[in-house]
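Q: Quick one: structure below, then a few questions.
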Amino acid sequence: MIKLNKQPEPNILVLNKTKWTSDLLDYVNNKQKVPDRIKNKYNHPDIKSILRTETNGGKCMYCESPIAVVAPEHIEHYRPKAIYPYLTFEWSNLGLACPYCNSKKGDIFDESCTYINPYIDLPEEHFVFSSTMIFHKPNDKRAHITEIQLELNRPELMEARKNRIDAIRILIDQYEAERNTFLKTILKREIEKEVSDDKPYSMFAKTVYKMMIKMSNDN
């Protein structure tokens, strides 16, 4: 999980969210089933396109997995639309999540102990990123519930992180062994590219990179 920044609200929402919300709440207040054509208007391509940009090319806002290559992208409602229907089209409530994180979070939400929100919170203030695992900091209940409920240390996620870290380590080894100044510069540029925010599991990659560079400098 890395810090994300909200982009300007898409014009389609600026122009329509008041009407869309009113139409949806008419059904909700009358205890009628909301038709898909009403409740799913947030799936508009313009909205999803900006959410992809916000999440560095379409990574899950929680686990940093690239989404579209393996599964459909889910527009995530930080505060669940089933509990807060009036926030269904609220731009600040929308993000992008992988199907797994989205389904595990579901409609479970506690205002007294909310999930870590990477658009608002600094993840590194709440979590420790160690090897392939993410740990909530001691007595941080919000981070604890986020880690456990979203299963941020599920086996397949840890394996994917390991593959990324192994690739970074190979590049760092090549960099440390290289004596040609020009090639060394190129390798460093490649490493920095591989740990950038648009890469999968970048927080883990950056953590390993900083640790290995520090060890190298200490020696």
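Chain lettering (A, B, ...) mirrors the order of the structure tokens, residue numbering begins at 1 for each chain separately, and ligand numbering begins at 1 in order of display.
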Do you know which residues are at most 9 Å from Val208 (chain A) counting only C-alpha atoms, after dropping those on the same chain fewer than 6 positions away, and could you put them as a count of residues only?

A: 5

Q: List as CSV every residue of region 45-98 of chain A that is in contact with region 200-205 of chain A, defined as an atom at most 10 Å from one of its atoms (using only C-alpha atoms), together with the nearest atom pair and the distance in Å rounded to one decimal, sorted by chain and then rising number.

A:
```
residue,atom,partner,partner_atom,distance
A:Asn56,CA,A:Pro200,CA,9.4
A:Gly57,CA,A:Pro200,CA,9.8
A:Gly58,CA,A:Pro200,CA,9.9
A:Lys59,CA,A:Pro200,CA,7.1
A:Cys60,CA,A:Pro200,CA,9.2
A:Cys63,CA,A:Tyr201,CA,7.4
A:Glu64,CA,A:Tyr201,CA,5.2
A:Ser65,CA,A:Pro200,CA,5.6
A:Pro66,CA,A:Pro200,CA,6.1
A:Ile67,CA,A:Pro200,CA,9.8
```

Q: Given the selection you just returned, output its residues as a file containing C-alpha atoms, formatted as a short mmCIF file (atom, residue, chain, number, x, y, z; two decimals), in the first residue's frame.

A:
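Wrote it out as part.cif, contents follow:
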```cif
data_model
loop_
_atom_site.label_atom_id
_atom_site.label_comp_id
_atom_site.auth_asym_id
_atom_site.auth_seq_id
_atom_site.Cartn_x
_atom_site.Cartn_y
_atom_site.Cartn_z
CA ASN A 56 -0.52 4.36 -10.89
CA GLY A 57 -1.79 2.48 -13.91
CA GLY A 58 -4.54 0.45 -12.31
CA LYS A 59 -3.06 -1.11 -9.17
CA CYS A 60 -5.27 -2.14 -6.28
CA CYS A 63 -2.60 -4.53 -1.98
CA GLU A 64 -0.86 -2.86 -4.98
CA SER A 65 -1.56 -5.80 -7.29
CA PRO A 66 -1.94 -4.92 -10.99
CA ILE A 67 -5.60 -5.62 -11.69
#
```

Q: Which residue, A:Ile191, A:Leu152, A:Leu4, A:Ile116, has the smallest gap to Tyr175 (chain A) when you use only C-alpha atoms?

A: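 Distance minimum relative to Tyr175 (chain A) lands on A:Ile191.
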
Q: I want to know what sits within 8 Å of Ile134 (chain A), based on only C-alpha atoms, with residues of the same chain fewer than 6 positions away left out; could you give that as a list in words?

A: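 Non-adjacent residues within range: Phe127, Val128, Glu147, Leu152 and Asn153 of chain A.
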
Q: With N, CA and C atoms retained, write the just-selected residues as a CSV table (one decimal), in the first residue's frame.

A:
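This went into out23.csv:
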```
chain,number,residue,atom,x,y,z
A,127,PHE,N,1.9,0.9,9.0
A,127,PHE,CA,2.4,-0.5,8.7
A,127,PHE,C,3.9,-0.6,8.7
A,128,VAL,N,4.4,-1.8,8.9
A,128,VAL,CA,5.8,-2.1,8.7
A,128,VAL,C,5.8,-3.1,7.5
A,147,GLU,N,-5.2,-5.0,7.8
A,147,GLU,CA,-4.4,-6.2,7.5
A,147,GLU,C,-5.2,-7.5,7.5
A,152,LEU,N,-4.1,-9.1,3.8
A,152,LEU,CA,-3.0,-8.5,3.0
A,152,LEU,C,-1.7,-9.4,3.0
A,153,ASN,N,-1.7,-10.5,3.8
A,153,ASN,CA,-0.6,-11.4,3.8
A,153,ASN,C,-1.1,-12.8,3.2
```

Q: Which residue gives the smallest distance to Ile120 (chain A) among A:Lys210, A:Lys6, A:Lys81, A:Lys193, with only C-alpha atoms counted?

A: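 Of the candidates, the smallest distance to Ile120 (chain A) is held by A:Lys6.
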
Q: Tell me, in Å to one decimal, how far CA of Ile148 (chain A) is from CA of Phe135 (chain A).

A: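 Computed distance, CA of Ile148 (chain A) to CA of Phe135 (chain A), equals 9.7 Å.
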
Q: Would you mind writing down, as JSON, numbers by chain, each residue of region 24-183 of chain A that DSSP on the backbone assigns to helix (DSSP H, G or I)?

A: {"A": [24, 25, 26, 27, 28, 29, 36, 37, 38, 39, 41, 42, 43, 45, 46, 47, 48, 49, 50, 51, 52, 53, 54, 85, 86, 87, 91, 92, 93, 99, 100, 101, 102, 103, 104, 105, 123, 124, 125, 141, 142, 143, 144, 145, 146, 147, 148, 149, 155, 156, 157, 158, 159, 160, 161, 162, 163, 164, 165, 166, 167, 168, 169, 170, 171, 172, 173, 174, 175, 176, 177, 181, 182, 183]}

Q: Have a look at A:Tyr84, A:Phe89, A:Trp20, A:Tyr62 and name the one nearest to Ala143 (chain A); count only C-alpha atoms.

A: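 Using only C-alpha atoms, the shortest distance to Ala143 (chain A) belongs to A:Tyr62.
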